[in-house]
Amino acid sequence: MADIAVARATSLRPALSRDDLVRGGGLVVMGVFLFVVVLLPLYALLSKSFEDADGKFIGFANYIEYFGTPALVSSAGHTIFIGVVTMVIVVTLAFIYAYALTRSCMPFKGLFRGIALIPILAPSLLPAISLVYLFGNQGMIKELLFGYKIYGPIGIVIALAFWIFPHTVMLLTTALATADARLYEAAIALRASKLRTFFTVTLPATKYGVMSACFVAFTYGITDFGAPKVIGGWYNVLSVDIYKQVVGQWNFQMGAVVSVILLFPVVITFIVDRLVQRRQVAQITARSVPLEPKPNRRFDLIMLIYCSVIAFILLGILAVSAYASFIKFWPYNLSLSLDNYQFQYMDGGGWDAYGNSILLGVLTAFFGSLIIFGGAYLVEKSRHYGKYRGTLQFLAILPLAVPGMVLGLAYIFFFNDPANPLNFLYQTLGILVICTIAHYYTVPHLTALTALKQLDAEFEDVSASLKVPFYKTFSRVTFPVCLPAILDIGIYLFINAMTTVSAVVFLWGPATKLASVAVLNMDDQGDIAPAAAMAMMIVYTSATVRILHIVLTRGLQRRTQAWRRREVIAETVGQPAPT
Amino acid sequence: MSDAQPSTKAKESPYLRIESLTKLFGSFAALKDINLEVFEGEFICFLGPSGCGKTTLLRCIAGLDIQTSGRVIQAGEDISTLPPSARDFGIVFQSYALFPNLTVRKNLAYGLENRRMKKAAIEERVNELLELVGLTGQDKKYPSQLSGGQQQRVALARALASWPGLLLLDEPLSALDAKVRVYLRHEVRRLQRKLGITTVMVTHDQEEALTMADRIVVMDQGVIGQVGTPLQIYREPATSFVADFIGSMNFVPGTMAAPNLVRFGNVNLACDVDGLAAGMEVTIAIRPEDIVVQDVAGSEENAFEVQIESTEFLGSFLRVDLVSETMGEARLRADFSINLVRRVDISEGASLPVMVPRERIRIYPGSLDHG
Ligand SMILES: Nc1ncnc2c1ncn2[C@@H]1O[C@H](COP(=O)(O)OP(=O)(O)OP(=O)(O)O)[C@@H](O)[C@H]1O
Ligand SMILES: [Mg+2]
């Protein structure tokens, strides 16, 4: 051990190459970027919650006021209630659906998989609007509620269930797809009953997937803003409270306090999720044999019926908004027209808002995929700087724990501060792009890491030995090989930029109104049919882009299939994202 | 160690020198105080069990990992802390790390394009390389369209493309089928001789090391066990670890009966050892093929009677387990050639006299738990 001490004492300092220095510089830039767009705004938010309206520090006074106001405190309870109920319902429904997709031999699996993903293309406002048409005061089938009101927890939960469904189905399909056939063979050999096998093999094996789905569903449930805003009625939840405090009452301090309160359950869920996932990695050991489902007519039929019902509901909710958007004046004049699409005659931003949203989507997708992929590259492929890369990785994961409403409000505090040199960004498209990238940073980052990890770790070593600078290998090898994953990231960012309301609702300015915000505002003013029309415009656009993406990816694969044996495509669209 | 150097190179200064090199991962010492000299044009193999630090040492030479302490000197220049891009070497990894989206030609030209070479000169060099590794005509293919052996040769050609002074190979053949592997051993060696390039290859396959290397560096748990020519390593393993790791070996506990006389059971064997006092506990190491049957009357030295306990037919030879009362607890394993079997009765239960040439007996101090 003595020589070890000596060795460490005289530890050599590696000389850094130009590549090392450039990548080190890149890491610093990325670190500063994430620090400025995530941590500093959150700090501004936190400190605001301890200040009075004039910016004087007043300790916990705001919090004391908060807990002294029953109307505010009650919404914390409401939020958790909504989160838990939504989670239980959506995870149960999604589990059976995913089970059917992976463990049955029913027909049309691909179709059902596709239908399950449709809600991703819509803002969470859309299911709420559809529910108003279905069960509202003049609803098409409001009798089915037996006198209960759709405005309130029932509506919120149904709308959220629709909107969260695809995310949970994807997680659970992955979990169920990676089953080990050998365990099932063992169970059959031991003559365990089907039910027993389910509880002793299937559930434990998918435990982590189910937990992940629960965390995602719960987090989405408590942080979503669109659904409760439209259909929440008098039922207060935290996200809507933040909005009301800030936009309605100009009480920024109380908005900050409610944000911090909302941050708590999200951060706790985030931490538990991380801990659970760390365990899961340790659990995967031997190579398992993939499970091939065997036909079973009765079971397959039940599953087919179940999936058809769910698919019908999903499509139905979408169809209601689509239908409503073409109706002249519900429920009095049912003739079809394009009147509701004449956005130029309405408040809320008109076609400009739609154009802005497209622009936001394109800019976010373009800059976002470059920044995020570049950042992931630096984290994964740089030499040296171990600790710093770890820090960057942490900063990249962090946005998953920040609800959109909280981030949006934090941005107001940070960027609207006249002392901030970045103040010029306030109310520009720039701040919307930055906020959207920051908000959705984590999932694409993880996708990029997965794609990069599939590349040979020694490409960089070989390049260094050939004295080829790293950026050349990046542009000639790394980037082209990862292009499908990068496209995926771009699409993910585009669709989220189109559909998000929460992160941007505080940040748009007179010249930067957005389609999703227009939906919200038109609905607010009672223009529900144009709101449905605008929501559908978002769906049409997202769907078109998604289809374009599929075509593009196919073409890319055909062009590169000469050298591409394995797919380096990591599915991003529809992965859990922050709300 | 000096006697291990090929005599023709003895007076030259080494091309690559490693001086008291230590590499720590946290508090774990992957390499401990490594000293090594490699001469110009030599083919050196690092051989050792998994995890002994072969790859780590190779990566320190390449600068891909920087050692915690110690020096690496190449061609007279201290390169200890230089990044890989400032060193002079070509490298082939077990995975080959060929760029999947570039054709063979572009893979080979990859390093050349960065050297401000003329286009025509690059073309010419690539053609030369293709011919060198026997892949002329395959240059438009992508790596995934080549067999494993062909990929390996592309990787080798790419590593050689810009005339490096040192070639580093990390288990370059271990991903291949046995047949291809044997063929490529010769190919690699032929190439290396032709180019005269100083080469360091990592392997855990002793046959590979024994057939390819000028000198072998046997490593064990971060230290060098022995450096020597294949014959030296095989005939005169310096430690019981090396003896055990290379080839097969009988280990028998014994004591020194007198200087140059070792005893196990009631058998006394004359041997050539110095520095071991009488009465000392030792381990006697004898290779199975060094136990010879005394089928013609000869010298009595080191002869003793044994019984055949069991035999195992292994094609060109017979592996035999020997016991006897005179040996006591000990049992020996011997390899008898098929020729011999034709002349002598080697069946289970038969008795026969055997002897072990004294120069073939290795003695290691202390007792071992080898099976
Ligand atoms: N980056 C690292 N961090 C920590 N420990 C390491 C690292 N790289 C290697 N080691 C450890 O150092 C030791 C030597 O590793 P090395 O890769 O050099 O072994 P090797 O001789 O090449 O083995 P193999 O034949 O399996 O390739 C091993 O115990 C390994 O676990
Ligand atoms: Mg190795």
# chains A, B, ... in the order shown; residues from 1 in each chain; ligands from 1
>>> residues_near_ligand(ligand="ligand 2", cutoff="9 Å", atoms="only C-alpha atoms and all ligand atoms", output="ChimeraX atom specification")
/B:50-56,58,94,170-171,202-204
>>> closest_atom_pairs(of="chain B", to="chain A", cutoff="7 Å", atoms="only C-alpha atoms", output="CSV")
residue,atom,partner,partner_atom,distance
B:Thr22,CA,A:Ala7,CA,6.7
B:Leu64,CA,A:Asp461,CA,6.9
B:Ile66,CA,A:Pro14,CA,6.3
B:Thr68,CA,A:Ser11,CA,4.9
B:Ser69,CA,A:Ala7,CA,5.3
B:Thr81,CA,A:Pro14,CA,4.6
B:Leu82,CA,A:Ala15,CA,5.3
B:Pro83,CA,A:Ser17,CA,5.8
B:Pro84,CA,A:Ala464,CA,5.8
B:Ser85,CA,A:Ala464,CA,4.7
B:Phe89,CA,A:Ser465,CA,6.4
B:Gly90,CA,A:Ser465,CA,6.0
B:Ile91,CA,A:Val462,CA,6.8
B:Ala97,CA,A:Phe459,CA,5.7
B:Phe99,CA,A:Val477,CA,6.6
B:Pro100,CA,A:Trp563,CA,6.0
B:Asn101,CA,A:Trp563,CA,5.6
B:Gly111,CA,A:Leu466,CA,4.8
B:Asn114,CA,A:Val468,CA,6.2
B:Tyr142,CA,A:Trp563,CA,5.6
B:Ser144,CA,A:Trp563,CA,5.8
>>> residues_around(residues="Leu276 of chain B", least_positions_apart="6", cutoff="12 Å", atoms="only C-alpha atoms", output="list in words")
Thr255, Met256, Ala257, Ala258, Pro259, Asn260, Leu261, Val262, Val282, Thr283, Ile363, Tyr364, Pro365 and Gly366 of chain B
>>> write_last_selection(atoms="N, CA, C and O atoms", output="PDB file, in the first residue's frame")
ATOM      1  N   THR B 255      10.605 -31.566  -0.536  1.00  0.00           N
ATOM      2  CA  THR B 255      11.588 -30.864   0.295  1.00  0.00           C
ATOM      3  C   THR B 255      12.951 -31.022  -0.351  1.00  0.00           C
ATOM      4  O   THR B 255      13.189 -31.970  -1.104  1.00  0.00           O
ATOM      5  N   MET B 256      13.826 -30.074  -0.057  1.00  0.00           N
ATOM      6  CA  MET B 256      15.185 -30.199  -0.555  1.00  0.00           C
ATOM      7  C   MET B 256      15.907 -31.203   0.344  1.00  0.00           C
ATOM      8  O   MET B 256      16.023 -31.001   1.552  1.00  0.00           O
ATOM      9  N   ALA B 257      16.365 -32.319  -0.264  1.00  0.00           N
ATOM     10  CA  ALA B 257      17.069 -33.327   0.532  1.00  0.00           C
ATOM     11  C   ALA B 257      18.517 -32.912   0.724  1.00  0.00           C
ATOM     12  O   ALA B 257      19.110 -33.158   1.771  1.00  0.00           O
ATOM     13  N   ALA B 258      19.058 -32.299  -0.276  1.00  0.00           N
ATOM     14  CA  ALA B 258      20.437 -31.814  -0.246  1.00  0.00           C
ATOM     15  C   ALA B 258      20.507 -30.760  -1.331  1.00  0.00           C
ATOM     16  O   ALA B 258      19.565 -30.619  -2.098  1.00  0.00           O
ATOM     17  N   PRO B 259      21.577 -29.986  -1.402  1.00  0.00           N
ATOM     18  CA  PRO B 259      21.672 -29.067  -2.538  1.00  0.00           C
ATOM     19  C   PRO B 259      21.552 -29.856  -3.836  1.00  0.00           C
ATOM     20  O   PRO B 259      22.129 -30.935  -3.974  1.00  0.00           O
ATOM     21  N   ASN B 260      20.760 -29.369  -4.754  1.00  0.00           N
ATOM     22  CA  ASN B 260      20.545 -30.009  -6.047  1.00  0.00           C
ATOM     23  C   ASN B 260      19.915 -31.399  -5.957  1.00  0.00           C
ATOM     24  O   ASN B 260      20.059 -32.209  -6.859  1.00  0.00           O
ATOM     25  N   LEU B 261      19.250 -31.671  -4.869  1.00  0.00           N
ATOM     26  CA  LEU B 261      18.523 -32.931  -4.768  1.00  0.00           C
ATOM     27  C   LEU B 261      17.195 -32.664  -4.061  1.00  0.00           C
ATOM     28  O   LEU B 261      17.164 -32.168  -2.947  1.00  0.00           O
ATOM     29  N   VAL B 262      16.107 -33.000  -4.768  1.00  0.00           N
ATOM     30  CA  VAL B 262      14.801 -32.741  -4.183  1.00  0.00           C
ATOM     31  C   VAL B 262      14.092 -34.069  -3.966  1.00  0.00           C
ATOM     32  O   VAL B 262      14.333 -35.048  -4.680  1.00  0.00           O
ATOM     33  N   VAL B 282       9.521 -27.096  -0.734  1.00  0.00           N
ATOM     34  CA  VAL B 282       9.488 -26.556  -2.099  1.00  0.00           C
ATOM     35  C   VAL B 282       8.316 -27.154  -2.876  1.00  0.00           C
ATOM     36  O   VAL B 282       7.656 -28.088  -2.413  1.00  0.00           O
ATOM     37  N   THR B 283       8.074 -26.568  -4.057  1.00  0.00           N
ATOM     38  CA  THR B 283       7.126 -27.156  -4.988  1.00  0.00           C
ATOM     39  C   THR B 283       7.903 -27.597  -6.219  1.00  0.00           C
ATOM     40  O   THR B 283       8.674 -26.813  -6.781  1.00  0.00           O
ATOM     41  N   ILE B 363      12.014 -25.953  -9.660  1.00  0.00           N
ATOM     42  CA  ILE B 363      11.752 -25.972  -8.214  1.00  0.00           C
ATOM     43  C   ILE B 363      11.369 -24.566  -7.764  1.00  0.00           C
ATOM     44  O   ILE B 363      12.049 -23.601  -8.106  1.00  0.00           O
ATOM     45  N   TYR B 364      10.234 -24.449  -7.074  1.00  0.00           N
ATOM     46  CA  TYR B 364       9.838 -23.137  -6.540  1.00  0.00           C
ATOM     47  C   TYR B 364       9.759 -23.211  -5.025  1.00  0.00           C
ATOM     48  O   TYR B 364       9.221 -24.189  -4.492  1.00  0.00           O
ATOM     49  N   PRO B 365      10.314 -22.237  -4.347  1.00  0.00           N
ATOM     50  CA  PRO B 365      10.284 -22.286  -2.880  1.00  0.00           C
ATOM     51  C   PRO B 365       8.856 -22.231  -2.351  1.00  0.00           C
ATOM     52  O   PRO B 365       7.973 -21.639  -2.982  1.00  0.00           O
ATOM     53  N   GLY B 366       8.634 -22.863  -1.209  1.00  0.00           N
ATOM     54  CA  GLY B 366       7.322 -22.814  -0.567  1.00  0.00           C
ATOM     55  C   GLY B 366       6.388 -23.847  -1.149  1.00  0.00           C
ATOM     56  O   GLY B 366       6.662 -24.460  -2.175  1.00  0.00           O
TER      57      GLY B 366
END
>>> atom_distance(atom1="atom CA of Arg215 of chain B", atom2="atom CA of Pro172 of chain B")
17.7 Å
>>> atom_distance(atom1="atom CA of Leu39 of chain A", atom2="atom CA of Val260 of chain A")
13.9 Å
>>> residues_around(residues="Gly25 of chain A", least_positions_apart="6", cutoff="12 Å", atoms="only C-alpha atoms", output="ChimeraX atom specification")
/A:18-19,31-32,375,378,382,385,388-389
>>> write_last_selection(atoms="C-alpha atoms", output="PDB file, in the first residue's frame")
ATOM      1  CA  ARG A  18      -6.642  20.532 -28.401  1.00  0.00           C
ATOM      2  CA  ASP A  19      -9.595  18.147 -28.704  1.00  0.00           C
ATOM      3  CA  GLY A  31     -23.068  23.594 -18.073  1.00  0.00           C
ATOM      4  CA  VAL A  32     -23.551  27.346 -18.079  1.00  0.00           C
ATOM      5  CA  GLY A 375     -24.620  18.000 -24.808  1.00  0.00           C
ATOM      6  CA  LEU A 378     -19.996  15.758 -24.587  1.00  0.00           C
ATOM      7  CA  SER A 382     -15.310  13.327 -23.806  1.00  0.00           C
ATOM      8  CA  TYR A 385     -13.482  15.913 -16.746  1.00  0.00           C
ATOM      9  CA  TYR A 388     -17.881  17.782 -14.480  1.00  0.00           C
ATOM     10  CA  ARG A 389     -19.570  15.381 -16.872  1.00  0.00           C
TER      11      ARG A 389
END
>>> select_by_dssp(residues="segment 138-253 of chain B", states="alpha helix (DSSP H)", output="VMD selection string")
chain B and resid 148 to 160 178 to 195 206 to 212 230 to 235 240 to 245
>>> residues_around(residues="Asp417 of chain A", least_positions_apart="6", cutoff="10 Å", atoms="only C-alpha atoms", output="PyMOL selection string")
chain A and resi 44+411+423+426
>>> closest_residue(among="B:Ile224, B:Ala109, B:Val104, B:Ala277", to="Gln138 of chain B", atoms="only C-alpha atoms")
B:Val104
>>> residues_around(residues="Gly209 of chain A", least_positions_apart="6", cutoff="9 Å", atoms="only C-alpha atoms", output="compact mmCIF listing (two decimals) with C-alpha atoms, in the first residue's frame")
# COMPACT_ATOMS: atom_id res chain seq x y z
CA LEU A 171 -43.71 2.22 -20.58
CA LEU A 172 -45.77 -0.85 -19.78
CA THR A 173 -45.41 -2.34 -23.26
CA THR A 174 -41.65 -2.09 -22.89
CA ALA A 175 -41.79 -3.67 -19.44
CA LEU A 176 -44.06 -6.50 -20.59
>>> decode(residues="segment 537-553 of chain A", atoms="N, CA, C and O atoms", output="PDB file, in the first residue's frame")
ATOM      1  N   MET A 537     -56.357  21.981 -35.137  1.00  0.00           N
ATOM      2  CA  MET A 537     -55.244  22.417 -35.998  1.00  0.00           C
ATOM      3  C   MET A 537     -53.917  21.887 -35.460  1.00  0.00           C
ATOM      4  O   MET A 537     -53.042  21.452 -36.220  1.00  0.00           O
ATOM      5  N   ILE A 538     -53.790  21.925 -34.142  1.00  0.00           N
ATOM      6  CA  ILE A 538     -52.560  21.400 -33.531  1.00  0.00           C
ATOM      7  C   ILE A 538     -52.434  19.907 -33.810  1.00  0.00           C
ATOM      8  O   ILE A 538     -51.367  19.409 -34.184  1.00  0.00           O
ATOM      9  N   VAL A 539     -53.573  19.200 -33.675  1.00  0.00           N
ATOM     10  CA  VAL A 539     -53.536  17.754 -33.918  1.00  0.00           C
ATOM     11  C   VAL A 539     -53.171  17.472 -35.377  1.00  0.00           C
ATOM     12  O   VAL A 539     -52.305  16.638 -35.657  1.00  0.00           O
ATOM     13  N   TYR A 540     -53.842  18.177 -36.308  1.00  0.00           N
ATOM     14  CA  TYR A 540     -53.528  17.945 -37.725  1.00  0.00           C
ATOM     15  C   TYR A 540     -52.043  18.162 -37.991  1.00  0.00           C
ATOM     16  O   TYR A 540     -51.391  17.380 -38.675  1.00  0.00           O
ATOM     17  N   THR A 541     -51.531  19.257 -37.436  1.00  0.00           N
ATOM     18  CA  THR A 541     -50.133  19.591 -37.684  1.00  0.00           C
ATOM     19  C   THR A 541     -49.194  18.524 -37.110  1.00  0.00           C
ATOM     20  O   THR A 541     -48.296  18.027 -37.798  1.00  0.00           O
ATOM     21  N   SER A 542     -49.433  18.178 -35.834  1.00  0.00           N
ATOM     22  CA  SER A 542     -48.568  17.172 -35.205  1.00  0.00           C
ATOM     23  C   SER A 542     -48.632  15.870 -35.984  1.00  0.00           C
ATOM     24  O   SER A 542     -47.608  15.224 -36.212  1.00  0.00           O
ATOM     25  N   ALA A 543     -49.854  15.493 -36.388  1.00  0.00           N
ATOM     26  CA  ALA A 543     -50.013  14.228 -37.097  1.00  0.00           C
ATOM     27  C   ALA A 543     -49.266  14.274 -38.424  1.00  0.00           C
ATOM     28  O   ALA A 543     -48.558  13.329 -38.786  1.00  0.00           O
ATOM     29  N   THR A 544     -49.417  15.394 -39.133  1.00  0.00           N
ATOM     30  CA  THR A 544     -48.727  15.519 -40.422  1.00  0.00           C
ATOM     31  C   THR A 544     -47.225  15.391 -40.235  1.00  0.00           C
ATOM     32  O   THR A 544     -46.542  14.658 -40.967  1.00  0.00           O
ATOM     33  N   VAL A 545     -46.720  16.107 -39.245  1.00  0.00           N
ATOM     34  CA  VAL A 545     -45.283  16.082 -39.015  1.00  0.00           C
ATOM     35  C   VAL A 545     -44.823  14.683 -38.630  1.00  0.00           C
ATOM     36  O   VAL A 545     -43.775  14.194 -39.072  1.00  0.00           O
ATOM     37  N   ARG A 546     -45.649  14.030 -37.829  1.00  0.00           N
ATOM     38  CA  ARG A 546     -45.304  12.674 -37.411  1.00  0.00           C
ATOM     39  C   ARG A 546     -45.258  11.734 -38.621  1.00  0.00           C
ATOM     40  O   ARG A 546     -44.341  10.912 -38.747  1.00  0.00           O
ATOM     41  N   ILE A 547     -46.225  11.879 -39.510  1.00  0.00           N
ATOM     42  CA  ILE A 547     -46.244  11.023 -40.699  1.00  0.00           C
ATOM     43  C   ILE A 547     -45.046  11.338 -41.591  1.00  0.00           C
ATOM     44  O   ILE A 547     -44.357  10.434 -42.072  1.00  0.00           O
ATOM     45  N   LEU A 548     -44.773  12.640 -41.752  1.00  0.00           N
ATOM     46  CA  LEU A 548     -43.586  13.038 -42.515  1.00  0.00           C
ATOM     47  C   LEU A 548     -42.337  12.397 -41.929  1.00  0.00           C
ATOM     48  O   LEU A 548     -41.461  11.910 -42.649  1.00  0.00           O
ATOM     49  N   HIS A 549     -42.296  12.398 -40.625  1.00  0.00           N
ATOM     50  CA  HIS A 549     -41.141  11.843 -39.934  1.00  0.00           C
ATOM     51  C   HIS A 549     -40.984  10.356 -40.232  1.00  0.00           C
ATOM     52  O   HIS A 549     -39.886   9.869 -40.499  1.00  0.00           O
ATOM     53  N   ILE A 550     -42.127   9.661 -40.218  1.00  0.00           N
ATOM     54  CA  ILE A 550     -42.065   8.225 -40.497  1.00  0.00           C
ATOM     55  C   ILE A 550     -41.559   7.990 -41.922  1.00  0.00           C
ATOM     56  O   ILE A 550     -40.668   7.162 -42.158  1.00  0.00           O
ATOM     57  N   VAL A 551     -42.094   8.773 -42.859  1.00  0.00           N
ATOM     58  CA  VAL A 551     -41.671   8.622 -44.251  1.00  0.00           C
ATOM     59  C   VAL A 551     -40.181   8.925 -44.388  1.00  0.00           C
ATOM     60  O   VAL A 551     -39.421   8.185 -45.016  1.00  0.00           O
ATOM     61  N   LEU A 552     -39.780  10.014 -43.749  1.00  0.00           N
ATOM     62  CA  LEU A 552     -38.389  10.436 -43.814  1.00  0.00           C
ATOM     63  C   LEU A 552     -37.460   9.371 -43.230  1.00  0.00           C
ATOM     64  O   LEU A 552     -36.417   9.042 -43.809  1.00  0.00           O
ATOM     65  N   THR A 553     -37.860   8.830 -42.093  1.00  0.00           N
ATOM     66  CA  THR A 553     -37.034   7.822 -41.438  1.00  0.00           C
ATOM     67  C   THR A 553     -36.929   6.579 -42.314  1.00  0.00           C
ATOM     68  O   THR A 553     -35.848   5.989 -42.446  1.00  0.00           O
TER      69      THR A 553
END
